[in-house]
file input_11.txt (compact mmCIF, N, CA, C and O atoms)
# COMPACT_ATOMS: atom_id res chain seq x y z
N GLU A 286 -98.47 32.48 -11.25
CA GLU A 286 -98.32 33.73 -11.99
C GLU A 286 -97.02 33.68 -12.79
O GLU A 286 -95.95 33.45 -12.25
N GLN A 287 -97.11 33.89 -14.08
CA GLN A 287 -95.91 33.94 -14.93
C GLN A 287 -95.28 35.31 -14.78
O GLN A 287 -95.94 36.33 -14.94
N ILE A 288 -93.97 35.33 -14.48
CA ILE A 288 -93.31 36.61 -14.27
C ILE A 288 -92.41 37.01 -15.43
O ILE A 288 -92.19 38.19 -15.66
N ILE A 289 -91.88 36.03 -16.15
CA ILE A 289 -91.06 36.31 -17.32
C ILE A 289 -91.34 35.24 -18.37
O ILE A 289 -91.71 34.13 -18.04
N ASN A 290 -91.16 35.58 -19.61
CA ASN A 290 -91.38 34.64 -20.70
C ASN A 290 -90.02 34.15 -21.22
O ASN A 290 -89.76 34.20 -22.40
N LEU A 291 -89.18 33.73 -20.30
CA LEU A 291 -87.83 33.29 -20.62
C LEU A 291 -87.52 32.09 -19.76
O LEU A 291 -88.19 31.87 -18.77
N PRO A 292 -86.49 31.36 -19.97
CA PRO A 292 -85.55 31.45 -21.08
C PRO A 292 -86.06 30.68 -22.28
O PRO A 292 -87.08 30.01 -22.22
N GLU A 293 -85.32 30.78 -23.36
CA GLU A 293 -85.62 29.96 -24.53
C GLU A 293 -85.51 28.50 -24.12
O GLU A 293 -84.74 28.16 -23.22
N PRO A 294 -86.25 27.61 -24.74
CA PRO A 294 -86.26 26.20 -24.30
C PRO A 294 -84.89 25.56 -24.18
O PRO A 294 -84.66 24.74 -23.29
N TRP A 295 -83.95 25.90 -25.03
CA TRP A 295 -82.63 25.27 -25.00
C TRP A 295 -81.72 25.89 -23.94
O TRP A 295 -80.62 25.44 -23.74
N TYR A 296 -82.19 26.92 -23.25
CA TYR A 296 -81.43 27.53 -22.15
C TYR A 296 -82.11 27.25 -20.81
O TYR A 296 -82.11 28.08 -19.91
N LEU A 297 -82.68 26.08 -20.66
CA LEU A 297 -83.44 25.75 -19.45
C LEU A 297 -82.61 25.82 -18.17
O LEU A 297 -83.15 26.06 -17.11
N GLY A 298 -81.31 25.60 -18.25
CA GLY A 298 -80.46 25.66 -17.07
C GLY A 298 -79.98 27.05 -16.73
O GLY A 298 -79.27 27.25 -15.76
N TYR A 299 -80.37 28.04 -17.52
CA TYR A 299 -79.85 29.39 -17.34
C TYR A 299 -80.81 30.26 -16.54
O TYR A 299 -81.21 31.34 -16.96
N TRP A 300 -81.18 29.78 -15.36
CA TRP A 300 -81.94 30.57 -14.40
C TRP A 300 -81.77 29.93 -13.04
O TRP A 300 -81.46 28.76 -12.92
N ASP A 301 -81.93 30.75 -11.99
CA ASP A 301 -81.88 30.24 -10.63
C ASP A 301 -82.60 31.23 -9.72
O ASP A 301 -82.76 32.41 -10.06
N ILE A 302 -83.01 30.73 -8.56
CA ILE A 302 -83.81 31.53 -7.62
C ILE A 302 -82.99 31.81 -6.37
O ILE A 302 -82.36 30.91 -5.81
N SER A 303 -83.05 33.06 -5.91
CA SER A 303 -82.46 33.44 -4.63
C SER A 303 -83.62 33.75 -3.68
O SER A 303 -84.79 33.62 -4.05
N GLU A 304 -83.31 34.19 -2.47
CA GLU A 304 -84.36 34.53 -1.51
C GLU A 304 -85.23 35.68 -1.99
O GLU A 304 -86.41 35.76 -1.67
N SER A 305 -84.66 36.58 -2.80
CA SER A 305 -85.39 37.80 -3.16
C SER A 305 -85.78 37.91 -4.63
O SER A 305 -86.45 38.87 -5.01
N GLY A 306 -85.36 36.94 -5.47
CA GLY A 306 -85.71 37.07 -6.88
C GLY A 306 -85.19 35.93 -7.74
O GLY A 306 -84.68 34.93 -7.24
N VAL A 307 -85.33 36.12 -9.05
CA VAL A 307 -84.92 35.13 -10.04
C VAL A 307 -83.84 35.73 -10.94
O VAL A 307 -84.00 36.84 -11.46
N TYR A 308 -82.75 35.00 -11.12
CA TYR A 308 -81.69 35.38 -12.04
C TYR A 308 -81.87 34.53 -13.29
O TYR A 308 -82.12 33.33 -13.20
N PHE A 309 -81.74 35.15 -14.47
CA PHE A 309 -81.95 34.41 -15.71
C PHE A 309 -81.12 35.01 -16.84
O PHE A 309 -80.73 36.17 -16.80
N TYR A 310 -80.86 34.19 -17.85
CA TYR A 310 -80.09 34.60 -19.03
C TYR A 310 -81.07 35.01 -20.12
O TYR A 310 -81.92 34.22 -20.53
N ASP A 311 -80.97 36.25 -20.57
CA ASP A 311 -81.85 36.77 -21.61
C ASP A 311 -81.09 36.80 -22.93
O ASP A 311 -80.32 37.72 -23.20
N ILE A 312 -81.31 35.79 -23.77
CA ILE A 312 -80.62 35.67 -25.06
C ILE A 312 -81.01 36.79 -26.02
O ILE A 312 -80.24 37.16 -26.91
N ALA A 313 -82.20 37.36 -25.84
CA ALA A 313 -82.70 38.39 -26.76
C ALA A 313 -82.37 39.82 -26.32
O ALA A 313 -82.77 40.77 -26.99
N ALA A 314 -81.65 39.98 -25.23
CA ALA A 314 -81.32 41.33 -24.74
C ALA A 314 -80.46 42.07 -25.77
O ALA A 314 -79.69 41.46 -26.49
N SER A 315 -80.61 43.39 -25.79
CA SER A 315 -79.85 44.21 -26.73
C SER A 315 -79.00 45.19 -25.95
O SER A 315 -79.46 45.72 -24.94
N PRO A 316 -77.76 45.41 -26.30
CA PRO A 316 -77.09 45.09 -27.55
C PRO A 316 -76.54 43.67 -27.60
O PRO A 316 -76.15 43.19 -28.67
N ARG A 317 -76.49 42.96 -26.45
CA ARG A 317 -76.05 41.57 -26.46
C ARG A 317 -76.72 40.83 -25.31
O ARG A 317 -77.25 41.45 -24.39
N PRO A 318 -76.73 39.51 -25.36
CA PRO A 318 -77.37 38.74 -24.29
C PRO A 318 -76.86 39.15 -22.91
O PRO A 318 -75.72 39.58 -22.76
N ALA A 319 -77.74 39.02 -21.90
CA ALA A 319 -77.40 39.48 -20.55
C ALA A 319 -77.98 38.56 -19.50
O ALA A 319 -78.98 37.88 -19.72
N ILE A 320 -77.34 38.58 -18.34
CA ILE A 320 -77.91 37.93 -17.17
C ILE A 320 -78.72 39.00 -16.45
O ILE A 320 -78.21 40.09 -16.16
N LYS A 321 -79.99 38.69 -16.19
CA LYS A 321 -80.89 39.66 -15.59
C LYS A 321 -81.47 39.13 -14.29
O LYS A 321 -81.36 37.94 -13.99
N TYR A 322 -82.08 40.03 -13.55
CA TYR A 322 -82.62 39.70 -12.23
C TYR A 322 -84.03 40.25 -12.11
O TYR A 322 -84.28 41.42 -12.40
N TYR A 323 -84.96 39.37 -11.72
CA TYR A 323 -86.34 39.79 -11.44
C TYR A 323 -86.50 39.83 -9.94
O TYR A 323 -86.34 38.82 -9.25
N ASP A 324 -86.81 41.02 -9.41
CA ASP A 324 -86.98 41.23 -7.98
C ASP A 324 -88.42 40.93 -7.58
O ASP A 324 -89.35 41.55 -8.10
N PHE A 325 -88.61 39.98 -6.64
CA PHE A 325 -89.97 39.63 -6.21
C PHE A 325 -90.70 40.81 -5.59
O PHE A 325 -91.90 40.98 -5.78
N LYS A 326 -89.98 41.64 -4.83
CA LYS A 326 -90.60 42.76 -4.11
C LYS A 326 -91.04 43.88 -5.04
O LYS A 326 -92.18 44.34 -4.98
N THR A 327 -90.14 44.31 -5.95
CA THR A 327 -90.46 45.44 -6.82
C THR A 327 -91.12 45.01 -8.13
O THR A 327 -91.66 45.84 -8.85
N ARG A 328 -91.02 43.69 -8.44
CA ARG A 328 -91.53 43.14 -9.70
C ARG A 328 -90.87 43.80 -10.93
O ARG A 328 -91.49 43.96 -11.97
N ARG A 329 -89.61 44.15 -10.78
CA ARG A 329 -88.86 44.76 -11.88
C ARG A 329 -87.69 43.88 -12.28
O ARG A 329 -87.12 43.16 -11.47
N VAL A 330 -87.34 43.99 -13.57
CA VAL A 330 -86.20 43.26 -14.12
C VAL A 330 -85.06 44.25 -14.33
O VAL A 330 -85.25 45.32 -14.90
N THR A 331 -83.86 43.88 -13.85
CA THR A 331 -82.68 44.70 -14.06
C THR A 331 -81.57 43.82 -14.64
O THR A 331 -81.54 42.62 -14.42
N THR A 332 -80.67 44.46 -15.38
CA THR A 332 -79.51 43.75 -15.94
C THR A 332 -78.43 43.65 -14.87
O THR A 332 -78.05 44.65 -14.28
N VAL A 333 -77.95 42.43 -14.65
CA VAL A 333 -76.88 42.19 -13.68
C VAL A 333 -75.53 42.33 -14.38
O VAL A 333 -74.64 43.00 -13.89
N LEU A 334 -75.39 41.67 -15.52
CA LEU A 334 -74.15 41.78 -16.30
C LEU A 334 -74.38 41.27 -17.72
O LEU A 334 -75.33 40.54 -17.98
N GLU A 335 -73.51 41.71 -18.61
CA GLU A 335 -73.51 41.25 -20.00
C GLU A 335 -72.23 40.44 -20.19
O GLU A 335 -71.18 41.00 -20.48
N PRO A 336 -72.32 39.12 -20.00
CA PRO A 336 -71.10 38.30 -20.05
C PRO A 336 -70.50 38.23 -21.44
O PRO A 336 -71.20 38.32 -22.45
N GLU A 337 -69.18 38.08 -21.46
CA GLU A 337 -68.50 37.84 -22.72
C GLU A 337 -68.60 36.35 -23.02
O GLU A 337 -68.74 35.54 -22.12
N GLY A 338 -68.52 36.00 -24.27
CA GLY A 338 -68.65 34.61 -24.65
C GLY A 338 -70.09 34.29 -24.99
O GLY A 338 -70.95 35.16 -25.07
N GLN A 339 -70.35 33.02 -25.21
CA GLN A 339 -71.67 32.56 -25.62
C GLN A 339 -72.14 31.48 -24.67
O GLN A 339 -71.36 30.65 -24.20
N ALA A 340 -73.43 31.49 -24.37
CA ALA A 340 -73.99 30.48 -23.47
C ALA A 340 -73.88 29.10 -24.10
O ALA A 340 -74.00 28.94 -25.30
N ASN A 341 -73.65 28.12 -23.26
CA ASN A 341 -73.55 26.74 -23.69
C ASN A 341 -74.94 26.12 -23.56
O ASN A 341 -75.40 25.84 -22.44
N ILE A 342 -75.63 25.95 -24.69
CA ILE A 342 -77.00 25.45 -24.63
C ILE A 342 -77.06 24.06 -24.02
O ILE A 342 -76.10 23.32 -24.04
N TRP A 343 -78.19 23.74 -23.45
CA TRP A 343 -78.47 22.46 -22.80
C TRP A 343 -77.56 22.20 -21.59
O TRP A 343 -77.28 21.07 -21.27
N SER A 344 -77.09 23.24 -20.93
CA SER A 344 -76.26 23.03 -19.74
C SER A 344 -76.92 23.69 -18.53
O SER A 344 -77.87 24.44 -18.64
N SER A 345 -76.37 23.41 -17.37
CA SER A 345 -76.85 24.07 -16.15
C SER A 345 -76.02 25.32 -15.95
O SER A 345 -75.07 25.35 -15.19
N GLY A 346 -76.37 26.37 -16.67
CA GLY A 346 -75.50 27.53 -16.84
C GLY A 346 -75.47 28.58 -15.76
O GLY A 346 -74.57 29.39 -15.73
N ILE A 347 -76.44 28.64 -14.82
CA ILE A 347 -76.45 29.66 -13.78
C ILE A 347 -76.75 29.03 -12.44
O ILE A 347 -77.64 28.20 -12.31
N SER A 348 -76.00 29.46 -11.43
CA SER A 348 -76.28 29.10 -10.05
C SER A 348 -76.02 30.32 -9.19
O SER A 348 -74.98 30.96 -9.31
N VAL A 349 -76.98 30.66 -8.34
CA VAL A 349 -76.84 31.83 -7.48
C VAL A 349 -76.92 31.40 -6.02
O VAL A 349 -77.62 30.44 -5.68
N SER A 350 -76.16 32.09 -5.16
CA SER A 350 -76.22 31.78 -3.74
C SER A 350 -77.59 32.18 -3.19
O SER A 350 -78.27 33.03 -3.76
N ARG A 351 -77.97 31.59 -2.10
CA ARG A 351 -79.29 31.86 -1.51
C ARG A 351 -79.49 33.35 -1.22
O ARG A 351 -80.57 33.89 -1.45
N ASP A 352 -78.43 34.04 -0.75
CA ASP A 352 -78.57 35.47 -0.44
C ASP A 352 -78.44 36.35 -1.68
O ASP A 352 -78.60 37.56 -1.60
N GLY A 353 -78.14 35.77 -2.85
CA GLY A 353 -78.05 36.53 -4.09
C GLY A 353 -76.78 37.33 -4.26
O GLY A 353 -76.68 38.14 -5.18
N ARG A 354 -75.79 37.11 -3.41
CA ARG A 354 -74.56 37.90 -3.50
C ARG A 354 -73.51 37.29 -4.40
O ARG A 354 -72.57 37.97 -4.81
N THR A 355 -73.64 36.01 -4.73
CA THR A 355 -72.66 35.35 -5.59
C THR A 355 -73.39 34.59 -6.69
O THR A 355 -74.35 33.87 -6.42
N LEU A 356 -72.94 34.77 -7.91
CA LEU A 356 -73.54 34.15 -9.09
C LEU A 356 -72.46 33.41 -9.86
O LEU A 356 -71.41 33.98 -10.17
N LEU A 357 -72.69 32.15 -10.16
CA LEU A 357 -71.78 31.34 -10.95
C LEU A 357 -72.46 31.10 -12.29
O LEU A 357 -73.63 30.72 -12.33
N TYR A 358 -71.75 31.36 -13.39
CA TYR A 358 -72.36 31.15 -14.70
C TYR A 358 -71.36 30.55 -15.67
O TYR A 358 -70.16 30.69 -15.51
N GLU A 359 -71.88 29.87 -16.68
CA GLU A 359 -71.06 29.19 -17.67
C GLU A 359 -71.21 29.86 -19.03
O GLU A 359 -72.32 30.12 -19.49
N MET A 360 -70.08 30.15 -19.66
CA MET A 360 -70.05 30.70 -21.01
C MET A 360 -68.99 29.95 -21.80
O MET A 360 -68.03 29.43 -21.24
N VAL A 361 -69.16 29.89 -23.11
CA VAL A 361 -68.20 29.24 -23.98
C VAL A 361 -67.25 30.30 -24.53
O VAL A 361 -67.68 31.31 -25.07
N HIS A 362 -65.95 30.07 -24.35
CA HIS A 362 -64.90 30.95 -24.86
C HIS A 362 -63.96 30.11 -25.71
O HIS A 362 -64.08 28.89 -25.76
N ALA A 363 -63.01 30.76 -26.34
CA ALA A 363 -62.01 30.02 -27.11
C ALA A 363 -61.23 29.08 -26.19
O ALA A 363 -60.81 28.01 -26.59
N THR A 364 -61.07 29.47 -24.93
CA THR A 364 -60.47 28.61 -23.92
C THR A 364 -61.51 28.41 -22.82
O THR A 364 -62.42 29.20 -22.67
N SER A 365 -61.38 27.37 -22.06
CA SER A 365 -62.34 27.11 -20.99
C SER A 365 -62.14 28.10 -19.85
O SER A 365 -61.02 28.32 -19.41
N THR A 366 -63.24 28.67 -19.38
CA THR A 366 -63.19 29.63 -18.30
C THR A 366 -64.39 29.45 -17.40
O THR A 366 -65.51 29.29 -17.88
N LEU A 367 -64.18 29.48 -16.12
CA LEU A 367 -65.25 29.45 -15.14
C LEU A 367 -65.34 30.85 -14.54
O LEU A 367 -64.35 31.38 -14.06
N MET A 368 -66.52 31.46 -14.60
CA MET A 368 -66.68 32.84 -14.15
C MET A 368 -67.51 32.87 -12.88
O MET A 368 -68.49 32.16 -12.76
N VAL A 369 -67.11 33.73 -11.95
CA VAL A 369 -67.87 33.98 -10.73
C VAL A 369 -68.07 35.47 -10.60
O VAL A 369 -67.10 36.24 -10.66
N ALA A 370 -69.30 35.90 -10.44
CA ALA A 370 -69.59 37.31 -10.16
C ALA A 370 -69.93 37.40 -8.69
O ALA A 370 -70.88 36.78 -8.22
N ASP A 371 -69.14 38.14 -7.92
CA ASP A 371 -69.32 38.24 -6.48
C ASP A 371 -69.77 39.64 -6.11
O ASP A 371 -69.41 40.61 -6.77
N GLU A 372 -70.57 39.75 -5.05
CA GLU A 372 -71.10 41.04 -4.61
C GLU A 372 -71.86 41.73 -5.73
O GLU A 372 -71.59 42.86 -6.11
N ILE A 373 -72.86 41.05 -6.30
CA ILE A 373 -73.55 41.55 -7.49
C ILE A 373 -74.64 42.56 -7.20
O ILE A 373 -75.12 43.21 -8.09
N HIS A 374 -75.05 42.71 -5.96
CA HIS A 374 -76.08 43.73 -5.65
C HIS A 374 -75.44 44.98 -5.16
O HIS A 374 -74.52 45.09 -4.51
call {"tool": "encode", "arguments": {"input": "input_11.txt", "output": "structure tokens"}}
result
Amino acid sequence: EQIINLPEPWYLGYWDISESGVYFYDIAASPRPAIKYYDFKTRRVTTVLEPEGQANIWSSGISVSRDGRTLLYEMVHATSTLMVADEIH
């Protein structure tokens, strides 16, 4: 069963699965791209955060902990930065 029609082909590394859902980068989100979460139980998509910077195409851009409480993501900034979102639920 297809649950989302994302990510764009060049953002293949911008999704990951936790015990309860799928985290993914939505390049087409408005007003700006966002990291979103699809909940397996409710079958709903919610916005987790709207990161600053731009996604680095063709990279492994998102990793989430098994329990879904910690998300590591990669964005391109004027300077190199590694971002961690903790306690995201």
call {"tool": "atom_distance", "arguments": {"input": "input_11.txt", "atom1": "CA of Ser348 (chain A)", "atom2": "atom O of Tyr310 (chain A)"}}
result
13.0 Å
call {"tool": "residues_around", "arguments": {"input": "input_11.txt", "residues": "Tyr308 (chain A)", "least_positions_apart": "6", "cutoff": "7 Å", "atoms": "only C-alpha atoms", "output": "list in words"}}
result
Trp300, Asp301, Ile302, Ile320, Lys321, Tyr322 and Tyr323 of chain A
call {"tool": "atom_distance", "arguments": {"input": "input_11.txt", "atom1": "CA of Ala319 (chain A)", "atom2": "CA of Asp352 (chain A)"}}
result
20.5 Å
call {"tool": "closest_residue", "arguments": {"input": "input_11.txt", "among": "A:Ser303, A:Met360, A:Ile289, A:Phe309", "to": "Val333 (chain A)", "atoms": "only N, CA, C and O atoms"}}
result
A:Phe309
call {"tool": "closest_residue", "arguments": {"input": "input_11.txt", "among": "A:Thr327, A:Ser350, A:Thr332, A:Gln339", "to": "Ser315 (chain A)", "atoms": "only C-alpha atoms"}}
result
A:Thr332
call {"tool": "atom_distance", "arguments": {"input": "input_11.txt", "atom1": "atom N of Glu335 (chain A)", "atom2": "atom C of Glu304 (chain A)"}}
result
21.2 Å
call {"tool": "residues_around", "arguments": {"input": "input_11.txt", "residues": "Asp324 (chain A)", "least_positions_apart": "5", "cutoff": "6 Å", "atoms": "all atoms listed in the file", "output": "list in words"}}
result
Ser305, Gly306, Val307, Arg329 and Val330 of chain A
call {"tool": "write_last_selection", "arguments": {"input": "input_11.txt", "atoms": "N, CA, C and O atoms", "output": "mmCIF file, keeping the file's coordinate frame"}}
result
data_model
loop_
_atom_site.group_PDB
_atom_site.id
_atom_site.type_symbol
_atom_site.label_atom_id
_atom_site.label_comp_id
_atom_site.auth_asym_id
_atom_site.auth_seq_id
_atom_site.Cartn_x
_atom_site.Cartn_y
_atom_site.Cartn_z
ATOM 1 N N SER A 305 -84.660 36.580 -2.800
ATOM 2 C CA SER A 305 -85.390 37.800 -3.160
ATOM 3 C C SER A 305 -85.780 37.910 -4.630
ATOM 4 O O SER A 305 -86.450 38.870 -5.010
ATOM 5 N N GLY A 306 -85.360 36.940 -5.470
ATOM 6 C CA GLY A 306 -85.710 37.070 -6.880
ATOM 7 C C GLY A 306 -85.190 35.930 -7.740
ATOM 8 O O GLY A 306 -84.680 34.930 -7.240
ATOM 9 N N VAL A 307 -85.330 36.120 -9.050
ATOM 10 C CA VAL A 307 -84.920 35.130 -10.040
ATOM 11 C C VAL A 307 -83.840 35.730 -10.940
ATOM 12 O O VAL A 307 -84.000 36.840 -11.460
ATOM 13 N N ARG A 329 -89.610 44.150 -10.780
ATOM 14 C CA ARG A 329 -88.860 44.760 -11.880
ATOM 15 C C ARG A 329 -87.690 43.880 -12.280
ATOM 16 O O ARG A 329 -87.120 43.160 -11.470
ATOM 17 N N VAL A 330 -87.340 43.990 -13.570
ATOM 18 C CA VAL A 330 -86.200 43.260 -14.120
ATOM 19 C C VAL A 330 -85.060 44.250 -14.330
ATOM 20 O O VAL A 330 -85.250 45.320 -14.900
#
call {"tool": "residues_around", "arguments": {"input": "input_11.txt", "residues": "Ile347 (chain A)", "least_positions_apart": "3", "cutoff": "7 Å", "atoms": "all atoms listed in the file", "output": "JSON, numbers by chain"}}
result
{"A": [298, 299, 300, 301, 308, 344, 356, 357, 358, 359]}
call {"tool": "closest_residue", "arguments": {"input": "input_11.txt", "among": "A:Glu372, A:Ile312, A:Glu337, A:Phe325", "to": "Gly353 (chain A)", "atoms": "only C-alpha atoms"}}
result
A:Glu372
